[in-house]
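Structure file data_12.pdb (PDB, C-alpha atoms, pLDDT in the B column) follows.
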```pdb
ATOM      1  CA  MET A 150      11.203  22.519  -4.999  1.00 38.00           C
ATOM      2  CA  ALA A 151      14.155  24.678  -6.009  1.00 47.00           C
ATOM      3  CA  LEU A 152      16.886  23.004  -8.028  1.00 53.00           C
ATOM      4  CA  LEU A 153      20.343  23.503  -6.554  1.00 49.00           C
ATOM      5  CA  CYS A 154      23.570  23.047  -8.450  1.00 56.00           C
ATOM      6  CA  SER A 155      27.191  24.081  -8.314  1.00 58.00           C
ATOM      7  CA  GLN A 156      28.929  24.713 -11.620  1.00 74.00           C
ATOM      8  CA  ASP A 157      32.407  25.581 -10.370  1.00 91.00           C
ATOM      9  CA  VAL A 158      35.164  23.343 -11.760  1.00 93.00           C
ATOM     10  CA  ALA A 159      38.829  23.479 -10.703  1.00 94.00           C
ATOM     11  CA  LEU A 160      41.041  23.614 -13.805  1.00 95.00           C
ATOM     12  CA  GLY A 161      44.612  22.756 -14.695  1.00 91.00           C
ATOM     13  CA  GLY A 162      46.540  22.681 -17.955  1.00 86.00           C
ATOM     14  CA  THR A 163      45.249  19.226 -18.944  1.00 90.00           C
ATOM     15  CA  ASN A 164      41.683  20.582 -19.012  1.00 93.00           C
ATOM     16  CA  PHE A 165      42.406  23.008 -21.830  1.00 96.00           C
ATOM     17  CA  ILE A 166      41.538  20.783 -24.772  1.00 96.00           C
ATOM     18  CA  SER A 167      39.203  20.973 -27.754  1.00 98.00           C
ATOM     19  CA  ALA A 168      36.517  18.280 -27.477  1.00 98.00           C
ATOM     20  CA  ALA A 169      34.005  17.071 -30.063  1.00 98.00           C
ATOM     21  CA  SER A 170      31.426  16.269 -27.350  1.00 97.00           C
ATOM     22  CA  PRO A 171      30.552  18.462 -24.356  1.00 95.00           C
ATOM     23  CA  ARG A 172      32.063  17.520 -20.985  1.00 94.00           C
ATOM     24  CA  PHE A 173      30.250  20.227 -19.016  1.00 94.00           C
ATOM     25  CA  GLU A 174      27.154  22.386 -19.338  1.00 93.00           C
ATOM     26  CA  LEU A 175      27.616  25.485 -21.503  1.00 95.00           C
ATOM     27  CA  GLY A 176      28.532  28.439 -19.297  1.00 96.00           C
ATOM     28  CA  THR A 177      30.039  26.276 -16.560  1.00 96.00           C
ATOM     29  CA  ARG A 178      32.476  28.359 -14.521  1.00 97.00           C
ATOM     30  CA  GLY A 179      36.025  27.066 -14.231  1.00 97.00           C
ATOM     31  CA  TYR A 180      38.843  28.533 -12.141  1.00 97.00           C
ATOM     32  CA  THR A 181      42.548  28.031 -11.546  1.00 96.00           C
ATOM     33  CA  ARG A 182      44.389  28.110  -8.218  1.00 95.00           C
ATOM     34  CA  ASP A 183      45.498  31.726  -8.827  1.00 95.00           C
ATOM     35  CA  GLY A 184      41.945  33.035  -9.326  1.00 95.00           C
ATOM     36  CA  ARG A 185      41.672  33.232 -13.094  1.00 97.00           C
ATOM     37  CA  VAL A 186      38.143  32.410 -14.315  1.00 98.00           C
ATOM     38  CA  PHE A 187      36.948  30.593 -17.437  1.00 98.00           C
ATOM     39  CA  ARG A 188      33.615  29.621 -19.038  1.00 97.00           C
ATOM     40  CA  TYR A 189      32.795  26.484 -21.002  1.00 97.00           C
ATOM     41  CA  VAL A 190      31.754  27.237 -24.589  1.00 98.00           C
ATOM     42  CA  ARG A 191      31.003  25.748 -27.962  1.00 98.00           C
ATOM     43  CA  ALA A 192      32.881  27.266 -30.912  1.00 98.00           C
ATOM     44  CA  GLY A 193      30.912  28.612 -33.852  1.00 96.00           C
ATOM     45  CA  ALA A 194      31.603  28.263 -37.582  1.00 93.00           C
ATOM     46  CA  SER A 195      35.305  29.134 -37.247  1.00 94.00           C
ATOM     47  CA  ALA A 196      38.034  27.856 -34.951  1.00 97.00           C
ATOM     48  CA  LEU A 197      38.914  29.897 -31.858  1.00 97.00           C
ATOM     49  CA  VAL A 198      42.402  31.420 -31.910  1.00 97.00           C
ATOM     50  CA  ALA A 199      44.328  31.946 -28.667  1.00 97.00           C
ATOM     51  CA  GLY A 200      44.491  35.574 -27.543  1.00 96.00           C
ATOM     52  CA  GLU A 201      41.537  36.803 -29.600  1.00 95.00           C
ATOM     53  CA  VAL A 202      38.416  38.426 -28.140  1.00 95.00           C
ATOM     54  CA  MET A 203      35.274  36.309 -28.506  1.00 96.00           C
ATOM     55  CA  GLN A 204      31.626  37.369 -28.734  1.00 96.00           C
ATOM     56  CA  SER A 205      28.310  35.587 -28.347  1.00 97.00           C
ATOM     57  CA  PRO A 206      26.516  34.321 -31.478  1.00 96.00           C
ATOM     58  CA  ALA A 207      24.890  37.114 -33.437  1.00 93.00           C
ATOM     59  CA  THR A 208      21.395  38.203 -32.447  1.00 92.00           C
ATOM     60  CA  ILE A 209      19.022  37.625 -35.391  1.00 95.00           C
ATOM     61  CA  ALA A 210      16.435  40.326 -36.088  1.00 95.00           C
ATOM     62  CA  GLY A 211      13.977  37.884 -37.666  1.00 96.00           C
ATOM     63  CA  HIS A 212      13.803  35.947 -34.387  1.00 97.00           C
ATOM     64  CA  LEU A 213      12.857  38.917 -32.189  1.00 97.00           C
ATOM     65  CA  THR A 214       9.338  40.001 -31.110  1.00 96.00           C
ATOM     66  CA  ARG A 215       7.722  37.109 -32.962  1.00 95.00           C
ATOM     67  CA  ALA A 216       3.999  36.352 -32.868  1.00 91.00           C
ATOM     68  CA  VAL A 217       2.803  33.483 -30.703  1.00 90.00           C
ATOM     69  CA  HIS A 218       0.859  30.957 -32.765  1.00 84.00           C
ATOM     70  CA  THR A 219      -2.805  30.841 -31.758  1.00 65.00           C
ATOM     71  CA  THR A 220      -2.750  27.056 -31.254  1.00 56.00           C
ATOM     72  CA  SER A 221       0.143  27.151 -28.785  1.00 57.00           C
ATOM     73  CA  GLN A 222      -0.276  25.567 -25.392  1.00 57.00           C
ATOM     74  CA  THR A 223       0.663  28.728 -23.523  1.00 75.00           C
ATOM     75  CA  GLY A 224      -1.048  28.275 -20.166  1.00 79.00           C
ATOM     76  CA  PHE A 225       0.595  27.806 -16.783  1.00 83.00           C
ATOM     77  CA  GLY A 226       2.870  24.742 -16.792  1.00 87.00           C
ATOM     78  CA  SER A 227       3.205  24.528 -20.567  1.00 88.00           C
ATOM     79  CA  THR A 228       6.575  23.465 -21.955  1.00 92.00           C
ATOM     80  CA  LEU A 229       5.773  23.999 -25.653  1.00 92.00           C
ATOM     81  CA  ILE A 230       5.440  27.387 -27.351  1.00 92.00           C
ATOM     82  CA  SER A 231       4.920  27.783 -31.103  1.00 92.00           C
ATOM     83  CA  LEU A 232       6.170  30.907 -32.892  1.00 92.00           C
ATOM     84  CA  THR A 233       5.962  32.300 -36.409  1.00 92.00           C
ATOM     85  CA  CYS A 234       9.578  33.074 -37.349  1.00 94.00           C
ATOM     86  CA  GLY A 235      10.623  35.943 -39.615  1.00 95.00           C
ATOM     87  CA  SER A 236      13.728  34.171 -40.885  1.00 96.00           C
ATOM     88  CA  THR A 237      15.125  30.644 -41.008  1.00 96.00           C
ATOM     89  CA  VAL A 238      15.967  28.964 -37.703  1.00 96.00           C
ATOM     90  CA  ALA A 239      18.518  26.139 -37.829  1.00 95.00           C
ATOM     91  CA  ALA A 240      17.593  23.034 -35.843  1.00 96.00           C
ATOM     92  CA  GLN A 241      18.829  23.200 -32.213  1.00 95.00           C
ATOM     93  CA  PHE A 242      20.359  26.654 -32.729  1.00 96.00           C
ATOM     94  CA  TYR A 243      18.570  27.937 -29.624  1.00 97.00           C
ATOM     95  CA  ASN A 244      19.123  24.858 -27.460  1.00 96.00           C
ATOM     96  CA  GLU A 245      20.101  26.076 -23.960  1.00 96.00           C
ATOM     97  CA  GLY A 246      19.186  29.583 -25.077  1.00 97.00           C
ATOM     98  CA  TYR A 247      16.192  31.642 -24.009  1.00 97.00           C
ATOM     99  CA  LEU A 248      12.633  32.443 -24.973  1.00 96.00           C
ATOM    100  CA  MET A 249      11.804  35.921 -23.647  1.00 97.00           C
ATOM    101  CA  ILE A 250       8.279  37.337 -23.574  1.00 95.00           C
ATOM    102  CA  ALA A 251       8.800  40.746 -25.158  1.00 96.00           C
ATOM    103  CA  SER A 252       5.283  42.193 -24.914  1.00 95.00           C
ATOM    104  CA  GLY A 253       1.717  41.336 -23.959  1.00 92.00           C
ATOM    105  CA  ALA A 254       0.622  38.784 -21.367  1.00 91.00           C
ATOM    106  CA  GLY A 255       3.594  37.315 -19.509  1.00 92.00           C
ATOM    107  CA  GLN A 256       5.961  40.079 -20.645  1.00 95.00           C
ATOM    108  CA  GLY A 257       9.283  40.399 -18.879  1.00 96.00           C
ATOM    109  CA  VAL A 258       9.543  36.661 -18.131  1.00 96.00           C
ATOM    110  CA  GLN A 259      12.017  34.354 -19.858  1.00 95.00           C
ATOM    111  CA  TYR A 260      12.360  30.588 -20.122  1.00 96.00           C
ATOM    112  CA  GLN A 261      15.194  28.277 -21.176  1.00 97.00           C
ATOM    113  CA  ILE A 262      14.810  26.318 -24.410  1.00 97.00           C
ATOM    114  CA  LYS A 263      15.531  22.586 -24.347  1.00 97.00           C
ATOM    115  CA  ASN A 264      15.233  21.833 -28.066  1.00 97.00           C
ATOM    116  CA  HIS A 265      13.444  22.733 -31.297  1.00 97.00           C
ATOM    117  CA  PRO A 266      13.324  21.696 -34.967  1.00 96.00           C
ATOM    118  CA  ALA A 267      14.433  23.720 -37.978  1.00 97.00           C
ATOM    119  CA  VAL A 268      11.959  26.450 -38.983  1.00 96.00           C
ATOM    120  CA  SER A 269      11.619  28.003 -42.442  1.00 96.00           C
ATOM    121  CA  THR A 270      11.141  31.732 -43.015  1.00 96.00           C
ATOM    122  CA  GLY A 271       7.543  32.691 -42.269  1.00 94.00           C
ATOM    123  CA  ALA A 272       6.730  29.230 -40.890  1.00 95.00           C
ATOM    124  CA  THR A 273       5.665  28.230 -37.387  1.00 93.00           C
ATOM    125  CA  GLY A 274       8.054  26.291 -35.171  1.00 93.00           C
ATOM    126  CA  ALA A 275       7.555  24.592 -31.806  1.00 94.00           C
ATOM    127  CA  PHE A 276      10.068  25.423 -29.091  1.00 95.00           C
ATOM    128  CA  THR A 277      10.224  23.011 -26.167  1.00 96.00           C
ATOM    129  CA  LEU A 278      11.184  24.328 -22.725  1.00 96.00           C
ATOM    130  CA  TYR A 279      12.855  22.440 -19.889  1.00 95.00           C
ATOM    131  CA  ASP A 280      10.343  20.764 -17.592  1.00 94.00           C
ATOM    132  CA  ASP A 281      11.688  22.716 -14.611  1.00 93.00           C
ATOM    133  CA  ASP A 282      11.339  25.995 -16.552  1.00 93.00           C
ATOM    134  CA  ALA A 283       7.715  25.683 -17.673  1.00 93.00           C
ATOM    135  CA  VAL A 284       5.473  28.708 -18.269  1.00 92.00           C
ATOM    136  CA  THR A 285       4.695  30.541 -15.022  1.00 93.00           C
ATOM    137  CA  VAL A 286       2.544  33.371 -16.439  1.00 91.00           C
ATOM    138  CA  ALA A 287       0.002  32.481 -19.143  1.00 89.00           C
ATOM    139  CA  ILE A 288       0.810  33.783 -22.642  1.00 89.00           C
ATOM    140  CA  THR A 289      -1.797  34.818 -25.197  1.00 86.00           C
ATOM    141  CA  ALA A 290      -1.897  35.085 -28.979  1.00 84.00           C
ATOM    142  CA  THR A 291      -1.238  38.844 -28.657  1.00 87.00           C
ATOM    143  CA  SER A 292       2.034  38.280 -26.787  1.00 91.00           C
ATOM    144  CA  THR A 293       5.298  38.572 -28.689  1.00 93.00           C
ATOM    145  CA  VAL A 294       8.374  36.473 -28.033  1.00 95.00           C
ATOM    146  CA  SER A 295      12.098  36.962 -28.697  1.00 97.00           C
ATOM    147  CA  LEU A 296      14.580  34.133 -29.132  1.00 98.00           C
ATOM    148  CA  ILE A 297      17.963  34.774 -27.519  1.00 97.00           C
ATOM    149  CA  PRO A 298      20.817  32.288 -28.078  1.00 97.00           C
ATOM    150  CA  ASN A 299      22.906  30.978 -25.201  1.00 97.00           C
ATOM    151  CA  LYS A 300      25.849  33.367 -25.248  1.00 97.00           C
ATOM    152  CA  TYR A 301      28.299  30.497 -24.819  1.00 98.00           C
ATOM    153  CA  SER A 302      26.944  28.407 -27.713  1.00 97.00           C
ATOM    154  CA  GLY A 303      28.566  29.127 -31.068  1.00 97.00           C
ATOM    155  CA  VAL A 304      30.978  31.846 -29.912  1.00 97.00           C
ATOM    156  CA  ILE A 305      32.813  33.708 -32.666  1.00 96.00           C
ATOM    157  CA  GLU A 306      35.696  36.119 -33.091  1.00 95.00           C
ATOM    158  CA  MET A 307      34.603  39.666 -32.265  1.00 92.00           C
ATOM    159  CA  PRO A 308      33.837  41.270 -35.668  1.00 90.00           C
ATOM    160  CA  VAL A 309      35.528  44.376 -37.030  1.00 88.00           C
ATOM    161  CA  THR A 310      34.239  47.710 -35.680  1.00 79.00           C
ATOM    162  CA  THR A 311      30.614  46.687 -35.009  1.00 85.00           C
ATOM    163  CA  ALA A 312      29.707  43.907 -32.590  1.00 89.00           C
ATOM    164  CA  THR A 313      26.777  41.628 -33.439  1.00 90.00           C
ATOM    165  CA  GLY A 314      26.670  40.106 -29.941  1.00 93.00           C
ATOM    166  CA  VAL A 315      28.311  40.718 -26.572  1.00 94.00           C
ATOM    167  CA  ALA A 316      31.925  40.116 -25.538  1.00 95.00           C
ATOM    168  CA  VAL A 317      32.100  36.816 -23.649  1.00 97.00           C
ATOM    169  CA  GLY A 318      35.820  36.236 -23.115  1.00 97.00           C
ATOM    170  CA  VAL A 319      39.227  35.669 -24.670  1.00 97.00           C
ATOM    171  CA  ALA A 320      40.287  32.380 -26.271  1.00 98.00           C
ATOM    172  CA  CYS A 321      43.190  30.928 -24.301  1.00 96.00           C
ATOM    173  CA  TYR A 322      44.016  28.003 -26.638  1.00 97.00           C
ATOM    174  CA  PRO A 323      42.783  26.724 -30.029  1.00 98.00           C
ATOM    175  CA  ILE A 324      39.271  25.223 -30.113  1.00 98.00           C
ATOM    176  CA  ALA A 325      38.180  23.578 -33.372  1.00 98.00           C
ATOM    177  CA  ILE A 326      35.067  24.544 -35.341  1.00 98.00           C
ATOM    178  CA  THR A 327      31.862  23.584 -33.423  1.00 97.00           C
ATOM    179  CA  GLN A 328      33.919  21.865 -30.698  1.00 98.00           C
ATOM    180  CA  TYR A 329      33.857  22.557 -26.954  1.00 98.00           C
ATOM    181  CA  GLY A 330      36.375  24.052 -24.553  1.00 98.00           C
ATOM    182  CA  TRP A 331      37.200  26.893 -22.142  1.00 98.00           C
ATOM    183  CA  ILE A 332      37.645  30.628 -22.759  1.00 98.00           C
ATOM    184  CA  GLN A 333      38.991  33.025 -20.132  1.00 98.00           C
ATOM    185  CA  THR A 334      36.673  35.666 -18.640  1.00 98.00           C
ATOM    186  CA  TRP A 335      38.569  37.102 -15.639  1.00 98.00           C
ATOM    187  CA  GLY A 336      42.122  37.772 -14.436  1.00 98.00           C
ATOM    188  CA  PRO A 337      45.554  38.237 -16.046  1.00 98.00           C
ATOM    189  CA  CYS A 338      45.246  37.242 -19.683  1.00 97.00           C
ATOM    190  CA  PRO A 339      47.243  37.504 -22.926  1.00 97.00           C
ATOM    191  CA  VAL A 340      45.318  39.231 -25.701  1.00 96.00           C
ATOM    192  CA  ARG A 341      46.294  40.407 -29.184  1.00 94.00           C
ATOM    193  CA  GLY A 342      46.711  44.174 -29.101  1.00 91.00           C
ATOM    194  CA  GLY A 343      44.958  46.529 -31.505  1.00 87.00           C
ATOM    195  CA  ASP A 344      46.691  49.878 -30.793  1.00 89.00           C
ATOM    196  CA  THR A 345      49.551  51.438 -28.777  1.00 89.00           C
ATOM    197  CA  ASN A 346      47.808  52.773 -25.656  1.00 87.00           C
ATOM    198  CA  ALA A 347      49.393  53.059 -22.224  1.00 92.00           C
ATOM    199  CA  ILE A 348      49.392  50.698 -19.267  1.00 93.00           C
ATOM    200  CA  GLY A 349      46.185  50.966 -17.230  1.00 91.00           C
ATOM    201  CA  SER A 350      44.041  51.988 -20.218  1.00 90.00           C
ATOM    202  CA  ALA A 351      40.478  50.656 -20.223  1.00 89.00           C
ATOM    203  CA  ILE A 352      40.182  48.127 -23.030  1.00 90.00           C
ATOM    204  CA  ASP A 353      37.477  47.854 -25.683  1.00 88.00           C
ATOM    205  CA  GLY A 354      36.762  44.404 -27.102  1.00 87.00           C
ATOM    206  CA  VAL A 355      35.564  45.909 -30.398  1.00 86.00           C
ATOM    207  CA  SER A 356      38.447  46.982 -32.613  1.00 84.00           C
ATOM    208  CA  SER A 357      39.244  47.994 -36.182  1.00 83.00           C
ATOM    209  CA  THR A 358      40.789  44.524 -36.558  1.00 88.00           C
ATOM    210  CA  ALA A 359      38.689  41.453 -35.747  1.00 89.00           C
ATOM    211  CA  GLY A 360      39.450  39.820 -32.396  1.00 90.00           C
ATOM    212  CA  ARG A 361      41.910  42.448 -31.166  1.00 91.00           C
ATOM    213  CA  ALA A 362      41.705  44.650 -28.058  1.00 89.00           C
ATOM    214  CA  ARG A 363      42.228  48.415 -28.065  1.00 86.00           C
ATOM    215  CA  ALA A 364      41.570  51.463 -25.903  1.00 83.00           C
ATOM    216  CA  PHE A 365      38.186  53.172 -26.188  1.00 81.00           C
ATOM    217  CA  VAL A 366      37.676  55.690 -28.987  1.00 70.00           C
ATOM    218  CA  ALA A 367      35.706  58.867 -28.278  1.00 62.00           C
ATOM    219  CA  ILE A 368      32.689  59.481 -30.534  1.00 59.00           C
ATOM    220  CA  GLY A 369      31.658  62.895 -29.187  1.00 57.00           C
ATOM    221  CA  THR A 370      30.780  64.829 -26.047  1.00 57.00           C
ATOM    222  CA  SER A 371      27.686  65.493 -23.949  1.00 57.00           C
ATOM    223  CA  GLY A 372      28.086  68.394 -21.549  1.00 59.00           C
ATOM    224  CA  ASP A 373      31.296  67.781 -19.617  1.00 57.00           C
ATOM    225  CA  SER A 374      31.384  64.068 -20.497  1.00 59.00           C
ATOM    226  CA  THR A 375      33.164  62.322 -23.348  1.00 57.00           C
ATOM    227  CA  LEU A 376      31.086  59.703 -25.135  1.00 55.00           C
ATOM    228  CA  TYR A 377      32.538  56.339 -26.089  1.00 61.00           C
ATOM    229  CA  THR A 378      31.250  53.289 -27.917  1.00 68.00           C
ATOM    230  CA  GLY A 379      32.306  49.675 -27.477  1.00 79.00           C
ATOM    231  CA  GLN A 380      32.392  46.946 -24.840  1.00 87.00           C
ATOM    232  CA  ALA A 381      34.656  47.175 -21.790  1.00 89.00           C
ATOM    233  CA  ILE A 382      36.594  43.963 -21.155  1.00 94.00           C
ATOM    234  CA  GLY A 383      39.384  45.034 -18.759  1.00 94.00           C
ATOM    235  CA  TYR A 384      42.579  47.059 -18.321  1.00 94.00           C
ATOM    236  CA  LEU A 385      46.065  46.888 -19.815  1.00 94.00           C
ATOM    237  CA  LEU A 386      48.779  45.443 -17.570  1.00 96.00           C
ATOM    238  CA  GLN A 387      51.404  46.739 -20.005  1.00 95.00           C
ATOM    239  CA  ALA A 388      51.542  49.221 -22.862  1.00 94.00           C
ATOM    240  CA  ASN A 389      49.584  47.889 -25.809  1.00 91.00           C
ATOM    241  CA  VAL A 390      51.451  46.790 -28.934  1.00 92.00           C
ATOM    242  CA  ASP A 391      49.464  46.578 -32.154  1.00 91.00           C
ATOM    243  CA  GLY A 392      49.446  43.009 -33.480  1.00 90.00           C
ATOM    244  CA  GLN A 393      51.371  41.493 -30.546  1.00 93.00           C
ATOM    245  CA  PHE A 394      50.129  39.595 -27.515  1.00 95.00           C
ATOM    246  CA  VAL A 395      50.035  41.780 -24.416  1.00 95.00           C
ATOM    247  CA  ALA A 396      48.958  41.297 -20.803  1.00 96.00           C
ATOM    248  CA  MET A 397      45.625  42.621 -19.613  1.00 95.00           C
ATOM    249  CA  ASP A 398      43.508  42.330 -16.489  1.00 97.00           C
ATOM    250  CA  LEU A 399      40.420  40.722 -18.028  1.00 97.00           C
ATOM    251  CA  ARG A 400      37.105  41.663 -16.355  1.00 97.00           C
ATOM    252  CA  ILE A 401      34.078  40.183 -18.105  1.00 97.00           C
ATOM    253  CA  ALA A 402      32.612  37.447 -15.852  1.00 96.00           C
ATOM    254  CA  PRO A 403      34.200  36.816 -12.419  1.00 94.00           C
TER     255      PRO A 403
END
```
Could I get this structure in the form of structure tokens?
Amino acid sequence: MALLCSQDVALGGTNFISAASPRFELGTRGYTRDGRVFRYVRAGASALVAGEVMQSPATIAGHLTRAVHTTSQTGFGSTLISLTCGSTVAAQFYNEGYLMIASGAGQGVQYQIKNHPAVSTGATGAFTLYDDDAVTVAITATSTVSLIPNKYSGVIEMPVTTATGVAVGVACYPIAITQYGWIQTWGPCPVRGGDTNAIGSAIDGVSSTAGRARAFVAIGTSGDSTLYTGQAIGYLLQANVDGQFVAMDLRIAP
């Protein structure tokens, strides 16, 4: 039987607090009466600062395309998959994240991770899936698996110049280290500017200063098209001012 749920939560000012324990599922969608949209997140190793662009936790190369351990219970209905990890995995780091079959039998299918222990570099770790997200296509020892963190668990300030994850929103109030709260993902939003571009400019969440928003920078041309790099997060509602908070029309997750 399909599982049905509704994650939408109506928000007001009293909801915007930093909490040591989760009050909603990660990724829960919140909205205000004027149509602004928010997502429930857990802060990473540094506190979230209002007006700064946030990204998902960094993708870890040593946790991608990993070998399935030959003793894994990988048949239909299994909720336990053992992997040999190329670098250390902290306990519960991938809770509520995803186990994606990258190649081989079962490829192209992903499952949500319920919990797992710490795993040392080169060691084998057992990753437990949710009962309602058990294996649907049998996996073999020649399959490879990638571990993808929940993008709302351990969010961090967008790094300088080169993103290590994807833009997930803008912090709208302070959230303490490893605590829970809401970040904005859609609608009119104050953000710290990273250049002096004009109103209406498309905004890049990756800037030369961590956490700031700037207009896209061209990296070359291909035929008649200009090539850009970065991550689009919305449009300026006023001329950008480097270092100041400016209004933008945020467009990441409606």
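Minimum atom-to-atom distance to A:Tyr384, evaluated using all atoms listed in the file, belongs to A:Ala362 out of A:Leu197, A:Ile250, A:Ala362, A:Ile305.
What the PyMOL selection byres ((chain A and resi 345) around 9) matches in the given file is Gly342, Gly343, Asp344, Asn346, Ala347, Arg363, Ala364, Ala388, Asn389, Val390 and Asp391 of chain A.
The spacing separating atom CA of A:Val190 from atom CA of A:Trp335 amounts to 15.0 Å.
Distance annotation: of A:Gly271, A:Pro323, A:Gly336, A:Gly211, the residue with the minimal separation from A:Leu296 is A:Gly211; atom set is all atoms listed in the file.
In this comparison, which uses all atoms listed in the file, the residue of A:Tyr329, A:Leu278, A:Gln393, A:Asn244 approaching A:Ser170 most closely is A:Tyr329.
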Which of A:Gly255, A:Gly200, A:Gly246, A:Pro339 sits closest to A:Gly224 [using all atoms listed in the file]: A:Gly255
